[in-house]
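Trainee: File follows, work_20.cif with mmCIF, C-alpha atoms:
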```cif
data_data
#
loop_
_atom_site.group_PDB
_atom_site.id
_atom_site.type_symbol
_atom_site.label_atom_id
_atom_site.label_comp_id
_atom_site.auth_asym_id
_atom_site.auth_seq_id
_atom_site.Cartn_x
_atom_site.Cartn_y
_atom_site.Cartn_z
ATOM 1 C CA MET A 1 5.121 -8.925 -18.411
ATOM 2 C CA SER A 2 4.647 -6.833 -15.295
ATOM 3 C CA ALA A 3 2.354 -7.935 -12.487
ATOM 4 C CA LEU A 4 -1.240 -6.775 -12.895
ATOM 5 C CA SER A 5 -3.907 -6.162 -10.290
ATOM 6 C CA SER A 6 -7.404 -7.553 -10.650
ATOM 7 C CA GLN A 7 -8.299 -4.235 -12.313
ATOM 8 C CA GLY A 8 -5.480 -4.667 -14.843
ATOM 9 C CA ALA A 9 -3.240 -1.910 -13.459
ATOM 10 C CA VAL A 10 0.531 -2.366 -13.601
ATOM 11 C CA ALA A 11 2.066 -2.809 -10.152
ATOM 12 C CA ALA A 12 3.613 0.289 -8.596
ATOM 13 C CA LEU A 13 6.492 -1.907 -7.403
ATOM 14 C CA GLU A 14 7.359 -5.366 -8.694
ATOM 15 C CA LEU A 15 10.212 -7.605 -7.583
ATOM 16 C CA ARG A 16 11.174 -10.546 -9.788
ATOM 17 C CA GLY A 17 13.277 -13.344 -8.349
ATOM 18 C CA LEU A 18 15.604 -11.193 -6.223
ATOM 19 C CA GLY A 19 18.619 -12.983 -4.811
ATOM 20 C CA LYS A 20 21.378 -11.725 -2.538
ATOM 21 C CA SER A 21 24.280 -13.416 -0.770
ATOM 22 C CA PHE A 22 26.815 -12.137 1.721
ATOM 23 C CA GLY A 23 29.747 -14.472 1.421
ATOM 24 C CA ALA A 24 28.455 -17.976 2.106
ATOM 25 C CA VAL A 25 25.181 -16.664 3.553
ATOM 26 C CA ARG A 26 22.247 -16.631 1.111
ATOM 27 C CA ALA A 27 20.104 -13.827 2.484
ATOM 28 C CA LEU A 28 17.486 -13.898 -0.307
ATOM 29 C CA ARG A 29 16.599 -16.813 -2.575
ATOM 30 C CA GLY A 30 14.612 -15.649 -5.594
ATOM 31 C CA VAL A 31 11.967 -13.485 -3.900
ATOM 32 C CA SER A 32 9.165 -12.099 -6.071
ATOM 33 C CA LEU A 33 6.268 -9.865 -5.066
ATOM 34 C CA ALA A 34 4.170 -6.987 -6.357
ATOM 35 C CA VAL A 35 2.598 -4.023 -4.594
ATOM 36 C CA HIS A 36 -0.069 -1.907 -6.265
ATOM 37 C CA ALA A 37 -1.060 1.706 -5.798
ATOM 38 C CA GLY A 38 -3.434 2.097 -2.858
ATOM 39 C CA GLU A 39 -2.358 -1.210 -1.314
ATOM 40 C CA THR A 40 -0.555 -1.973 1.939
ATOM 41 C CA VAL A 41 1.464 -5.186 2.058
ATOM 42 C CA GLY A 42 2.627 -6.461 5.440
ATOM 43 C CA LEU A 43 6.098 -7.999 5.207
ATOM 44 C CA VAL A 44 6.781 -10.393 8.077
ATOM 45 C CA GLY A 45 9.291 -13.017 9.099
ATOM 46 C CA ASP A 46 11.566 -13.996 11.947
ATOM 47 C CA ASN A 47 15.003 -12.452 12.460
ATOM 48 C CA GLY A 48 17.219 -13.554 9.585
ATOM 49 C CA ALA A 49 14.272 -14.159 7.257
ATOM 50 C CA GLY A 50 15.565 -11.611 4.735
ATOM 51 C CA LYS A 51 13.304 -8.620 5.395
ATOM 52 C CA SER A 52 16.124 -6.116 5.991
ATOM 53 C CA THR A 53 18.027 -7.342 2.943
ATOM 54 C CA LEU A 54 14.941 -7.001 0.758
ATOM 55 C CA VAL A 55 14.385 -3.437 1.989
ATOM 56 C CA SER A 56 18.044 -2.625 1.310
ATOM 57 C CA LEU A 57 17.680 -3.763 -2.300
ATOM 58 C CA ILE A 58 14.469 -1.825 -2.898
ATOM 59 C CA SER A 59 15.805 1.348 -1.280
ATOM 60 C CA GLY A 60 19.098 1.308 -3.181
ATOM 61 C CA ASN A 61 21.337 0.588 -0.190
ATOM 62 C CA ALA A 62 22.479 -2.665 -1.827
ATOM 63 C CA ARG A 63 22.239 -4.290 -5.256
ATOM 64 C CA PRO A 64 20.818 -7.755 -5.919
ATOM 65 C CA ASP A 65 23.048 -10.549 -7.198
ATOM 66 C CA PHE A 66 20.240 -11.453 -9.574
ATOM 67 C CA GLY A 67 16.607 -10.567 -10.212
ATOM 68 C CA GLU A 68 14.795 -7.415 -11.295
ATOM 69 C CA ILE A 69 13.123 -4.379 -9.700
ATOM 70 C CA LEU A 70 10.391 -2.621 -11.651
ATOM 71 C CA VAL A 71 8.580 0.623 -10.836
ATOM 72 C CA ASP A 72 5.382 1.178 -12.831
ATOM 73 C CA GLY A 73 6.528 -1.561 -15.184
ATOM 74 C CA GLN A 74 9.896 0.073 -15.874
ATOM 75 C CA LEU A 75 13.070 -1.837 -15.039
ATOM 76 C CA HIS A 76 15.481 -0.145 -12.601
ATOM 77 C CA ASP A 77 18.983 -0.894 -11.367
ATOM 78 C CA PHE A 78 19.390 1.191 -8.228
ATOM 79 C CA ARG A 79 23.007 1.880 -7.368
ATOM 80 C CA THR A 80 22.299 4.414 -4.608
ATOM 81 C CA PRO A 81 19.415 5.433 -2.322
ATOM 82 C CA HIS A 82 19.240 8.669 -4.324
ATOM 83 C CA GLU A 83 18.389 6.715 -7.471
ATOM 84 C CA ALA A 84 15.624 4.826 -5.635
ATOM 85 C CA GLN A 85 14.246 8.110 -4.329
ATOM 86 C CA GLY A 86 14.332 9.474 -7.849
ATOM 87 C CA ALA A 87 12.035 6.617 -8.901
ATOM 88 C CA GLY A 88 9.544 7.598 -6.176
ATOM 89 C CA ILE A 89 10.592 5.167 -3.423
ATOM 90 C CA GLU A 90 10.984 6.474 0.127
ATOM 91 C CA THR A 91 11.982 4.352 3.111
ATOM 92 C CA VAL A 92 11.292 5.129 6.774
ATOM 93 C CA PHE A 93 13.657 3.077 8.903
ATOM 94 C CA GLN A 94 13.005 2.045 12.497
ATOM 95 C CA TYR A 95 15.518 4.560 13.797
ATOM 96 C CA LEU A 96 14.214 7.834 12.426
ATOM 97 C CA SER A 97 16.625 10.176 10.679
ATOM 98 C CA LEU A 98 15.109 13.257 12.278
ATOM 99 C CA VAL A 99 17.099 16.148 13.761
ATOM 100 C CA LEU A 100 15.530 16.863 17.150
ATOM 101 C CA SER A 101 16.856 20.447 17.322
ATOM 102 C CA LEU A 102 15.124 21.403 14.046
ATOM 103 C CA ASP A 103 11.437 22.119 13.560
ATOM 104 C CA ILE A 104 8.943 19.993 11.638
ATOM 105 C CA ALA A 105 9.286 21.951 8.395
ATOM 106 C CA SER A 106 13.099 21.812 8.446
ATOM 107 C CA ASN A 107 13.018 18.048 8.977
ATOM 108 C CA MET A 108 10.517 17.623 6.151
ATOM 109 C CA PHE A 109 12.968 19.246 3.723
ATOM 110 C CA LEU A 110 16.215 18.101 5.339
ATOM 111 C CA GLY A 111 18.859 17.905 2.609
ATOM 112 C CA ARG A 112 16.291 19.056 0.046
ATOM 113 C CA GLU A 113 15.573 22.559 1.298
ATOM 114 C CA LEU A 114 13.507 24.904 -0.846
ATOM 115 C CA VAL A 115 15.285 28.139 -1.783
ATOM 116 C CA ARG A 116 13.772 31.518 -2.413
ATOM 117 C CA PRO A 117 12.826 32.249 -6.024
ATOM 118 C CA GLY A 118 14.891 34.570 -8.147
ATOM 119 C CA ARG A 119 18.572 34.861 -8.944
ATOM 120 C CA PHE A 120 19.582 35.903 -5.407
ATOM 121 C CA GLY A 121 17.891 32.907 -3.800
ATOM 122 C CA ARG A 122 19.370 30.443 -6.275
ATOM 123 C CA LEU A 123 22.846 31.990 -6.182
ATOM 124 C CA PHE A 124 23.199 32.119 -2.409
ATOM 125 C CA GLY A 125 20.921 29.215 -1.529
ATOM 126 C CA VAL A 126 18.661 31.270 0.728
ATOM 127 C CA VAL A 127 16.203 28.832 2.343
ATOM 128 C CA ASP A 128 12.537 29.702 1.878
ATOM 129 C CA LYS A 129 11.267 28.722 5.347
ATOM 130 C CA ARG A 130 7.864 30.304 4.819
ATOM 131 C CA ARG A 131 7.227 28.240 1.691
ATOM 132 C CA MET A 132 8.416 25.061 3.458
ATOM 133 C CA ARG A 133 5.968 25.670 6.301
ATOM 134 C CA ARG A 134 3.151 26.233 3.804
ATOM 135 C CA GLU A 135 3.991 22.921 2.125
ATOM 136 C CA VAL A 136 3.789 21.153 5.488
ATOM 137 C CA LEU A 137 0.342 22.630 6.106
ATOM 138 C CA HIS A 138 -0.787 21.572 2.614
ATOM 139 C CA ILE A 139 0.211 17.940 3.064
ATOM 140 C CA LEU A 140 -1.331 17.829 6.541
ATOM 141 C CA GLU A 141 -4.579 19.062 5.026
ATOM 142 C CA ARG A 142 -4.362 16.592 2.135
ATOM 143 C CA LEU A 143 -3.821 13.657 4.457
ATOM 144 C CA GLY A 144 -6.306 14.884 7.053
ATOM 145 C CA LEU A 145 -3.665 14.810 9.781
ATOM 146 C CA SER A 146 -3.311 16.869 12.916
ATOM 147 C CA LEU A 147 0.162 17.840 14.125
ATOM 148 C CA PRO A 148 1.551 20.847 16.031
ATOM 149 C CA PRO A 149 2.486 23.915 13.945
ATOM 150 C CA PRO A 150 5.364 23.482 11.436
ATOM 151 C CA ARG A 151 7.597 25.730 13.600
ATOM 152 C CA THR A 152 7.471 23.180 16.438
ATOM 153 C CA LYS A 153 10.805 21.546 17.303
ATOM 154 C CA VAL A 154 10.805 17.783 16.778
ATOM 155 C CA SER A 155 12.224 17.385 20.308
ATOM 156 C CA ALA A 156 8.853 18.595 21.647
ATOM 157 C CA LEU A 157 6.866 15.897 19.776
ATOM 158 C CA SER A 158 5.693 12.536 21.087
ATOM 159 C CA GLY A 159 7.057 9.310 19.607
ATOM 160 C CA GLY A 160 3.955 8.855 17.483
ATOM 161 C CA GLN A 161 4.124 12.425 16.222
ATOM 162 C CA ARG A 162 7.792 11.991 15.292
ATOM 163 C CA GLN A 163 6.898 8.879 13.321
ATOM 164 C CA ALA A 164 4.140 10.865 11.618
ATOM 165 C CA VAL A 165 6.671 13.518 10.567
ATOM 166 C CA ALA A 166 8.959 10.837 9.103
ATOM 167 C CA LEU A 167 6.021 9.226 7.290
ATOM 168 C CA MET A 168 4.774 12.572 6.028
ATOM 169 C CA ARG A 169 8.248 13.336 4.664
ATOM 170 C CA ALA A 170 8.300 9.967 2.911
ATOM 171 C CA VAL A 171 4.898 10.588 1.327
ATOM 172 C CA TYR A 172 5.836 14.115 0.255
ATOM 173 C CA TRP A 173 9.045 13.048 -1.478
ATOM 174 C CA GLY A 174 8.115 9.519 -2.471
ATOM 175 C CA LYS A 175 4.535 10.286 -3.416
ATOM 176 C CA HIS A 176 4.273 6.780 -4.823
ATOM 177 C CA ILE A 177 5.958 3.947 -2.888
ATOM 178 C CA VAL A 178 6.676 4.045 0.845
ATOM 179 C CA ILE A 179 8.500 1.359 2.838
ATOM 180 C CA LEU A 180 7.971 1.421 6.611
ATOM 181 C CA ASP A 181 10.451 -0.535 8.726
ATOM 182 C CA GLU A 182 8.937 -1.246 12.170
ATOM 183 C CA PRO A 183 7.223 2.179 12.413
ATOM 184 C CA THR A 184 5.286 1.216 15.578
ATOM 185 C CA ALA A 185 8.216 -0.286 17.499
ATOM 186 C CA ALA A 186 8.526 1.007 21.081
ATOM 187 C CA LEU A 187 5.439 3.235 20.766
ATOM 188 C CA GLY A 188 2.565 3.403 23.247
ATOM 189 C CA VAL A 189 -1.029 2.574 22.357
ATOM 190 C CA ARG A 190 -2.059 6.133 21.495
ATOM 191 C CA GLN A 191 1.128 6.847 19.541
ATOM 192 C CA THR A 192 0.784 3.572 17.642
ATOM 193 C CA GLN A 193 -2.741 4.495 16.616
ATOM 194 C CA ILE A 194 -1.449 7.763 15.148
ATOM 195 C CA VAL A 195 0.920 5.783 12.933
ATOM 196 C CA LEU A 196 -1.664 3.165 11.926
ATOM 197 C CA ASP A 197 -4.160 5.894 11.031
ATOM 198 C CA PHE A 198 -1.467 7.562 8.941
ATOM 199 C CA ILE A 199 -0.773 4.350 7.043
ATOM 200 C CA ALA A 200 -4.479 4.037 6.235
ATOM 201 C CA ARG A 201 -4.613 7.614 5.007
ATOM 202 C CA ILE A 202 -1.597 7.396 2.707
ATOM 203 C CA ARG A 203 -2.910 4.127 1.266
ATOM 204 C CA ASP A 204 -6.209 5.885 0.547
ATOM 205 C CA GLN A 205 -4.197 8.560 -1.281
ATOM 206 C CA GLY A 206 -3.027 5.888 -3.737
ATOM 207 C CA VAL A 207 0.403 5.246 -2.237
ATOM 208 C CA ALA A 208 1.813 1.704 -2.394
ATOM 209 C CA VAL A 209 2.994 0.740 1.094
ATOM 210 C CA ILE A 210 5.237 -2.043 2.399
ATOM 211 C CA PHE A 211 4.795 -2.302 6.162
ATOM 212 C CA ILE A 212 7.315 -4.360 8.151
ATOM 213 C CA SER A 213 6.417 -5.334 11.706
ATOM 214 C CA HIS A 214 6.755 -8.149 14.221
ATOM 215 C CA ASN A 215 3.398 -7.147 15.723
ATOM 216 C CA MET A 216 0.618 -9.221 14.141
ATOM 217 C CA GLU A 217 -2.104 -6.980 15.573
ATOM 218 C CA HIS A 218 -0.617 -4.006 13.757
ATOM 219 C CA ILE A 219 -0.150 -5.983 10.537
ATOM 220 C CA PHE A 220 -3.785 -7.046 10.521
ATOM 221 C CA ALA A 221 -4.930 -3.505 11.361
ATOM 222 C CA ALA A 222 -3.032 -1.915 8.468
ATOM 223 C CA ALA A 223 -2.269 -4.449 5.727
ATOM 224 C CA ASP A 224 -4.408 -5.686 2.840
ATOM 225 C CA ARG A 225 -2.017 -8.563 2.160
ATOM 226 C CA VAL A 226 0.698 -10.318 4.096
ATOM 227 C CA VAL A 227 3.934 -11.697 2.647
ATOM 228 C CA VAL A 228 5.884 -14.143 4.797
ATOM 229 C CA LEU A 229 9.629 -14.630 4.387
ATOM 230 C CA ARG A 230 11.471 -17.557 5.941
ATOM 231 C CA LEU A 231 15.191 -18.262 5.561
ATOM 232 C CA GLY A 232 15.407 -15.932 2.577
ATOM 233 C CA GLU A 233 12.433 -17.367 0.691
ATOM 234 C CA LYS A 234 8.877 -16.149 0.213
ATOM 235 C CA ILE A 235 6.717 -18.916 1.601
ATOM 236 C CA PHE A 236 3.318 -17.191 1.596
ATOM 237 C CA ASP A 237 1.522 -14.264 -0.050
ATOM 238 C CA GLY A 238 -2.186 -13.780 0.644
ATOM 239 C CA ALA A 239 -4.969 -11.461 1.773
ATOM 240 C CA THR A 240 -5.178 -10.743 5.503
ATOM 241 C CA ARG A 241 -8.945 -11.205 5.361
ATOM 242 C CA ASP A 242 -8.368 -14.913 4.686
ATOM 243 C CA LEU A 243 -5.968 -15.345 7.617
ATOM 244 C CA THR A 244 -5.710 -15.091 11.367
ATOM 245 C CA PRO A 245 -2.677 -13.825 13.310
ATOM 246 C CA MET A 246 -2.069 -17.421 14.457
ATOM 247 C CA ASP A 247 -1.943 -18.547 10.812
ATOM 248 C CA VAL A 248 0.818 -16.041 10.121
ATOM 249 C CA VAL A 249 2.751 -16.934 13.281
ATOM 250 C CA ALA A 250 2.614 -20.597 12.230
ATOM 251 C CA LEU A 251 4.031 -19.691 8.810
ATOM 252 C CA ILE A 252 6.806 -17.606 10.356
ATOM 253 C CA THR A 253 7.878 -20.408 12.692
ATOM 254 C CA GLY A 254 7.598 -23.087 10.024
ATOM 255 C CA ALA A 255 4.538 -24.851 11.443
ATOM 256 C CA GLY A 256 2.356 -23.598 8.605
ATOM 257 C CA ILE A 257 4.656 -24.405 5.692
ATOM 258 C CA GLY A 258 2.815 -26.202 2.953
ATOM 259 C CA ARG A 259 0.155 -23.572 2.411
ATOM 260 C CA GLU A 260 -0.084 -22.215 -1.135
ATOM 261 C CA VAL A 261 2.200 -19.237 -1.862
#
```
Would you give me this structure, written as structure tokens?
Mentor:
Amino acid sequence: MSALSSQGAVAALELRGLGKSFGAVRALRGVSLAVHAGETVGLVGDNGAGKSTLVSLISGNARPDFGEILVDGQLHDFRTPHEAQGAGIETVFQYLSLVLSLDIASNMFLGRELVRPGRFGRLFGVVDKRRMRREVLHILERLGLSLPPPRTKVSALSGGQRQAVALMRAVYWGKHIVILDEPTAALGVRQTQIVLDFIARIRDQGVAVIFISHNMEHIFAAADRVVVLRLGEKIFDGATRDLTPMDVVALITGAGIGREV
């Protein structure tokens, strides 16, 4: 059976006993977790804990040696990132795949540009820039966000605004499950707050979010639950309201092992 929330809803994303090795290195050792719609799960662990490998499996960049991935209770075997995206999963990596010379709207639809309606538009692939800009304005309104006009070049945006564009693109195309890999890394206080506010807004829109960060303050500001990985294993999964940042640090370093998973 698929994982259920307290309200009985099937998890948006469920991982069952995922394992992955690279040669003699066991990167993941039977990791299971579930994330529900409208929930943000903070995924934490030291370097080498298995976070990046887990994200690679979910996003279709690698395949597990064993275990299962379910989306809305349906089993999936992602062979490519495109297949994961097709299931509604979007991943925002630490190093943003934004083109600085293009504007916000063009980056939102990069590789998935909208073409003008009619035979001419479809035949010659004429990009419908006006419609793309309208779509950007619609999602900004839906999420209650404030960004410069869609014609603005990404090179003119702050770090926090660039992250917001990447997150907005993920929400637009994923619409369901968004994975954020260190989205606040190297950002200032004001820019970080833009990103944290965005995470809260997309969660309130019913998106399931996995938020990876080494910053415990940011994890506790954004996440409903925290999952701790250590040496490829899940050693803890619990509500942030029942924890302190020091509790999580102790689990990451091994000092807190023994608490119930």
Trainee: Please, which residues in region 65-178 of chain A fall within 8 Å of region 16-24 of chain A when counting all atoms listed in the file, and what is the closest atom pair and distance in Å to one decimal for each, ordered by chain then residue number, as CSV?
Mentor:
```
residue,atom,partner,partner_atom,distance
A:Asp65,CA,A:Lys20,CA,5.1
A:Phe66,CA,A:Gly19,CA,5.3
A:Gly67,CA,A:Leu18,CA,4.2
A:Glu68,CA,A:Arg16,CA,5.0
A:Ile69,CA,A:Arg16,CA,6.5
```
Trainee: Convert the output of the PyMOL selection byres ((chain A and resi 82) around 12) on the shown file into explicit residues, formatted as a VMD selection string.
Mentor: chain A and resid 58 to 61 77 to 81 83 to 91 111 to 112 173 to 174
Trainee: Select from region 107-204 of chain A every residue with an atom at most 12 Å from any atom of region 211-225 of chain A, then for each give the shortest pair of atoms and their distance in Å to one decimal, using only C-alpha atoms, rows by chain and rising number, as a tab-separated table.
Mentor:
```
residue	atom	partner	partner_atom	distance
A:Leu167	CA	A:Phe211	CA	11.6
A:Ile177	CA	A:Phe211	CA	11.1
A:Val178	CA	A:Phe211	CA	8.5
A:Ile179	CA	A:Phe211	CA	6.2
A:Leu180	CA	A:Phe211	CA	4.9
A:Asp181	CA	A:Ile212	CA	5.0
A:Glu182	CA	A:Ser213	CA	4.8
A:Pro183	CA	A:Ser213	CA	7.6
A:Thr184	CA	A:Ser213	CA	7.7
A:Ala185	CA	A:Ser213	CA	7.9
A:Ala186	CA	A:Asn215	CA	11.0
A:Leu187	CA	A:Asn215	CA	11.7
A:Val189	CA	A:His218	CA	10.8
A:Thr192	CA	A:His218	CA	8.6
A:Gln193	CA	A:His218	CA	9.2
A:Ile194	CA	A:Ala222	CA	11.9
A:Val195	CA	A:Ala222	CA	9.7
A:Leu196	CA	A:Ala222	CA	6.3
A:Asp197	CA	A:Ala222	CA	8.3
A:Phe198	CA	A:Ala222	CA	9.6
A:Ile199	CA	A:Ala222	CA	6.8
A:Ala200	CA	A:Ala222	CA	6.5
A:Arg201	CA	A:Ala222	CA	10.3
A:Ile202	CA	A:Ala222	CA	11.0
A:Arg203	CA	A:Ala222	CA	9.4
A:Asp204	CA	A:Ala222	CA	11.6
```
Trainee: Export C-alpha atoms of the chosen residues as a short mmCIF file (atom, residue, chain, number, x, y, z; two decimals), in the coordinates of the input?
Mentor:
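Full text of selection-v7.cif as output:
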```cif
data_model
loop_
_atom_site.label_atom_id
_atom_site.label_comp_id
_atom_site.auth_asym_id
_atom_site.auth_seq_id
_atom_site.Cartn_x
_atom_site.Cartn_y
_atom_site.Cartn_z
CA LEU A 167 6.02 9.23 7.29
CA ILE A 177 5.96 3.95 -2.89
CA VAL A 178 6.68 4.04 0.84
CA ILE A 179 8.50 1.36 2.84
CA LEU A 180 7.97 1.42 6.61
CA ASP A 181 10.45 -0.54 8.73
CA GLU A 182 8.94 -1.25 12.17
CA PRO A 183 7.22 2.18 12.41
CA THR A 184 5.29 1.22 15.58
CA ALA A 185 8.22 -0.29 17.50
CA ALA A 186 8.53 1.01 21.08
CA LEU A 187 5.44 3.24 20.77
CA VAL A 189 -1.03 2.57 22.36
CA THR A 192 0.78 3.57 17.64
CA GLN A 193 -2.74 4.50 16.62
CA ILE A 194 -1.45 7.76 15.15
CA VAL A 195 0.92 5.78 12.93
CA LEU A 196 -1.66 3.16 11.93
CA ASP A 197 -4.16 5.89 11.03
CA PHE A 198 -1.47 7.56 8.94
CA ILE A 199 -0.77 4.35 7.04
CA ALA A 200 -4.48 4.04 6.24
CA ARG A 201 -4.61 7.61 5.01
CA ILE A 202 -1.60 7.40 2.71
CA ARG A 203 -2.91 4.13 1.27
CA ASP A 204 -6.21 5.88 0.55
#
```
Trainee: Show me, as JSON, numbers by chain, the residues that have an atom within 10 Å of Val227 (chain A) when counting only C-alpha atoms, minus same-chain residues fewer than 6 positions from it.
Mentor: {"A": [33, 41, 42, 43, 44, 45, 210, 212, 234, 235, 236, 237, 238, 239, 240, 248, 261]}
Trainee: Enumerate, as a list in words, the residues matched when the PyMOL selection byres ((chain A and resi 162) around 10) is run on the file above.
Mentor: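 Residues picked by the PyMOL selection byres ((chain A and resi 162) around 10): Leu96, Leu98, Leu100, Ile104, Leu147, Val154, Ser155, Ala156, Leu157, Ser158, Gly159, Gly160, Gln161, Gln163, Ala164, Val165, Ala166, Leu167, Met168, Gln191 and Val195 of chain A.
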Trainee: Residues within 10 Å of Gln74 (chain A), please, as a ChimeraX atom specification. Count only C-alpha atoms; anything in the same chain fewer than 5 positions from it doesn't count.
Mentor: /A:2,10,12-14,69,87
Trainee: Rank nothing, just name the residue among A:Ile139, A:Leu229, A:Leu251, A:Ala208 nearest to Val71 (chain A), using all atoms listed in the file.
Mentor: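 Of A:Ile139, A:Leu229, A:Leu251, A:Ala208, the one nearest Val71 (chain A), counting all atoms listed in the file, is A:Ala208.
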Trainee: Determine the residue set returned by the PyMOL selection byres ((chain A and resi 250) around 12) for the present structure, and present it as a PyMOL selection string.
Mentor: chain A and resi 44-46+216+228+230+235-236+243-249+251-259
Trainee: Would you output that residue set with C-alpha atoms, as a PDB file, in the coordinates of the input?
Mentor:
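Final file, selection28.pdb:
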```pdb
ATOM      1  CA  VAL A  44       6.781 -10.393   8.077  1.00  0.00           C
ATOM      2  CA  GLY A  45       9.291 -13.017   9.099  1.00  0.00           C
ATOM      3  CA  ASP A  46      11.566 -13.996  11.947  1.00  0.00           C
ATOM      4  CA  MET A 216       0.618  -9.221  14.141  1.00  0.00           C
ATOM      5  CA  VAL A 228       5.884 -14.143   4.797  1.00  0.00           C
ATOM      6  CA  ARG A 230      11.471 -17.557   5.941  1.00  0.00           C
ATOM      7  CA  ILE A 235       6.717 -18.916   1.601  1.00  0.00           C
ATOM      8  CA  PHE A 236       3.318 -17.191   1.596  1.00  0.00           C
ATOM      9  CA  LEU A 243      -5.968 -15.345   7.617  1.00  0.00           C
ATOM     10  CA  THR A 244      -5.710 -15.091  11.367  1.00  0.00           C
ATOM     11  CA  PRO A 245      -2.677 -13.825  13.310  1.00  0.00           C
ATOM     12  CA  MET A 246      -2.069 -17.421  14.457  1.00  0.00           C
ATOM     13  CA  ASP A 247      -1.943 -18.547  10.812  1.00  0.00           C
ATOM     14  CA  VAL A 248       0.818 -16.041  10.121  1.00  0.00           C
ATOM     15  CA  VAL A 249       2.751 -16.934  13.281  1.00  0.00           C
ATOM     16  CA  LEU A 251       4.031 -19.691   8.810  1.00  0.00           C
ATOM     17  CA  ILE A 252       6.806 -17.606  10.356  1.00  0.00           C
ATOM     18  CA  THR A 253       7.878 -20.408  12.692  1.00  0.00           C
ATOM     19  CA  GLY A 254       7.598 -23.087  10.024  1.00  0.00           C
ATOM     20  CA  ALA A 255       4.538 -24.851  11.443  1.00  0.00           C
ATOM     21  CA  GLY A 256       2.356 -23.598   8.605  1.00  0.00           C
ATOM     22  CA  ILE A 257       4.656 -24.405   5.692  1.00  0.00           C
ATOM     23  CA  GLY A 258       2.815 -26.202   2.953  1.00  0.00           C
ATOM     24  CA  ARG A 259       0.155 -23.572   2.411  1.00  0.00           C
TER      25      ARG A 259
END
```
Trainee: Report, in Å to a single decimal, how far apart CA of Ser32 (chain A) and CA of Ala62 (chain A) are.
Mentor: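 Computed distance, CA of Ala62 (chain A) to CA of Ser32 (chain A), equals 16.9 Å.
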Trainee: Any idea what the distance is between CA of Glu113 (chain A) and CA of Val136 (chain A)?
Mentor: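 Answer for the CA of Glu113 (chain A) to CA of Val136 (chain A) separation: 12.6 Å.
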Trainee: Which residue, A:Val55, A:Val35, A:Leu102, A:Leu15, has the smallest gap to Val207 (chain A) when you use all atoms listed in the file?
Mentor: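 With all atoms listed in the file as the atom set, the closest residue is A:Val35.
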Trainee: Between A:Val99, A:Val171, A:Val92, A:Val209, which residue has the minimum interatomic distance to Arg142 (chain A), considering only C-alpha atoms?
Mentor: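 Nearest to Arg142 (chain A): A:Val171.
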Trainee: In Å, rounded to a single decimal, give me how far CA of Gly50 (chain A) is from CA of Leu70 (chain A).
Mentor: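 Rounded to one decimal, the two atoms are 19.4 Å apart.
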Trainee: Calculate, to one decimal in Å, the centre and edge lengths of the box along x, y and z of the file that holds all listed atoms of region 212-227 of chain A with 5 Å of margin on each side, and present them as lines of an AutoDock Vina configuration file.
Mentor:
```
center_x = 1.2
center_y = -6.8
center_z = 8.9
size_x = 22.2
size_y = 19.8
size_z = 23.6
```
Trainee: Compare A:Ala105, A:Met132, A:Leu137, A:Leu114 by their minimum atom-to-atom distance to Arg151 (chain A), counting all atoms listed in the file, and give me the closest one.
Mentor: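 Using all atoms listed in the file, the shortest distance to Arg151 (chain A) belongs to A:Ala105.
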Trainee: Where atoms are absent from region 25-35 of chain A, fill them in so it carries N, CA and C atoms, then output it as a PDB file, in the coordinates of the input.
Mentor:
```pdb
ATOM      1  N   VAL A  25      26.553 -16.788   3.043  1.00  0.00           N
ATOM      2  CA  VAL A  25      25.181 -16.664   3.553  1.00  0.00           C
ATOM      3  C   VAL A  25      24.254 -16.201   2.434  1.00  0.00           C
ATOM      4  N   ARG A  26      23.251 -16.999   2.121  1.00  0.00           N
ATOM      5  CA  ARG A  26      22.247 -16.631   1.111  1.00  0.00           C
ATOM      6  C   ARG A  26      21.091 -15.935   1.817  1.00  0.00           C
ATOM      7  N   ALA A  27      21.099 -14.612   1.751  1.00  0.00           N
ATOM      8  CA  ALA A  27      20.104 -13.827   2.484  1.00  0.00           C
ATOM      9  C   ALA A  27      18.746 -13.838   1.797  1.00  0.00           C
ATOM     10  N   LEU A  28      18.733 -13.840   0.465  1.00  0.00           N
ATOM     11  CA  LEU A  28      17.486 -13.898  -0.307  1.00  0.00           C
ATOM     12  C   LEU A  28      17.636 -14.932  -1.408  1.00  0.00           C
ATOM     13  N   ARG A  29      16.555 -15.709  -1.621  1.00  0.00           N
ATOM     14  CA  ARG A  29      16.599 -16.813  -2.575  1.00  0.00           C
ATOM     15  C   ARG A  29      15.452 -16.688  -3.581  1.00  0.00           C
ATOM     16  N   GLY A  30      15.599 -15.769  -4.521  1.00  0.00           N
ATOM     17  CA  GLY A  30      14.612 -15.649  -5.594  1.00  0.00           C
ATOM     18  C   GLY A  30      13.252 -15.159  -5.150  1.00  0.00           C
ATOM     19  N   VAL A  31      13.224 -14.021  -4.431  1.00  0.00           N
ATOM     20  CA  VAL A  31      11.967 -13.485  -3.900  1.00  0.00           C
ATOM     21  C   VAL A  31      11.273 -12.617  -4.948  1.00  0.00           C
ATOM     22  N   SER A  32       9.993 -12.893  -5.162  1.00  0.00           N
ATOM     23  CA  SER A  32       9.165 -12.099  -6.071  1.00  0.00           C
ATOM     24  C   SER A  32       7.934 -11.611  -5.328  1.00  0.00           C
ATOM     25  N   LEU A  33       7.543 -10.379  -5.592  1.00  0.00           N
ATOM     26  CA  LEU A  33       6.268  -9.865  -5.066  1.00  0.00           C
ATOM     27  C   LEU A  33       5.918  -8.593  -5.818  1.00  0.00           C
ATOM     28  N   ALA A  34       4.653  -8.207  -5.710  1.00  0.00           N
ATOM     29  CA  ALA A  34       4.170  -6.987  -6.357  1.00  0.00           C
ATOM     30  C   ALA A  34       3.308  -6.218  -5.369  1.00  0.00           C
ATOM     31  N   VAL A  35       3.416  -4.904  -5.421  1.00  0.00           N
ATOM     32  CA  VAL A  35       2.598  -4.023  -4.594  1.00  0.00           C
ATOM     33  C   VAL A  35       1.967  -2.989  -5.513  1.00  0.00           C
TER      34      VAL A  35
END
```
